[in-house]
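Enquirer: Sharing a structure here in structure tokens format.
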Amino acid sequence: MGVLSRMSTIVKAKMTRLLDKAEDPRETLDYAYDKQMEMLRNVKRGVVEMVTTKRRLQMQASKVKENIAKLENQAGQALAADREDLARMALQRKQASLIELDGLDQQITGLELEQEKLARAEQRLQAKVEAFRTKKEIIKAQ
């Protein structure tokens, strides 16, 4: 086992030395910069997706609000027609819609907080990528 271990170490050392000679630091820097740019694009895409989701939830909440107003109107009409059973059903459906609306509002608030965090992270990452790009260009020029 000792001989195989030593041979493995020697082969690894020789391969590392060959790779070091073949490696171009400029290419490595460019590759690292490309990876950072890809990460920044992913963060930006996440912000856009979050905004889209928030808008979708806001539209859904708007529809629920319209439904609540319609149910209130139905309950009023049912009471005017002396149909307490129909009014009670409309008010029960209104209560369920209010609970749904509350849940949507909580989701929207949570998404807004996450969106703010992601936007701040995007700004920090953008600054770091710009700093890296500057350093990369200086190193490549040397």
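Here, A, B, ... name the chains of the structure tokens in the order displayed, residue numbers run from 1 inside each chain, and ligands are numbered from 1 in the same displayed order.
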I'd like the contact shell of Gln74 (chain A) - 12 Å cut-off, only C-alpha atoms, skipping same-chain residues fewer than 2 positions apart - returned as a VMD selection string.
Expert: chain A and resid 67 to 72 76 to 81 83 to 94
Enquirer: Skipping near chain neighbours, those fewer than 2 positions away, what residues fall within 12 Å of Asp102 (chain A) using only C-alpha atoms, listed as a PyMOL selection string?
Expert: chain A and resi 57-58+60-62+64-65+95-100+104-109
Enquirer: So that I can check the surroundings of region 138-141 of chain A, please list as a list in words every protein, DNA and RNA residue that reaches within 6 Å of it, counting only C-alpha atoms and ignoring chain neighbours fewer than 2 positions away.
Expert: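 Surrounding residues, per the criterion: Arg26, Lys135 and Lys136 of chain A.
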Enquirer: With the cut-off set at 12 Å and counting only C-alpha atoms, tabulate each residue of region 102-132 of chain A with an atom at most that distance from an atom of region 34-37 of chain A, showing the nearest atom pair and its distance in Å to one decimal, ordered by chain and increasing number, as a Markdown table.
Expert:
| residue | atom | partner | partner_atom | distance |
| --- | --- | --- | --- | --- |
| A:Glu122 | CA | A:Met37 | CA | 11.2 |
| A:Leu125 | CA | A:Gln36 | CA | 8.5 |
| A:Gln126 | CA | A:Met37 | CA | 8.7 |
| A:Ala127 | CA | A:Gln36 | CA | 11.2 |
| A:Lys128 | CA | A:Gln36 | CA | 9.0 |
| A:Val129 | CA | A:Gln36 | CA | 6.5 |
| A:Glu130 | CA | A:Met37 | CA | 9.7 |
| A:Ala131 | CA | A:Gln36 | CA | 11.4 |
| A:Phe132 | CA | A:Gln36 | CA | 9.1 |
Enquirer: Do you have, as a tab-separated table, the list of residues of region 70-117 of chain A lying at most 12 Å from region 39-47 of chain A, each with its nearest atom pair and that distance in Å to one decimal, counting only C-alpha atoms and ordered by chain then number?
Expert:
residue	atom	partner	partner_atom	distance
A:Leu111	CA	A:Val47	CA	10.2
A:Glu112	CA	A:Val47	CA	10.4
A:Leu113	CA	A:Val47	CA	11.6
A:Glu114	CA	A:Val47	CA	9.1
A:Gln115	CA	A:Val47	CA	6.3
A:Glu116	CA	A:Val47	CA	8.9
A:Lys117	CA	A:Val47	CA	9.6
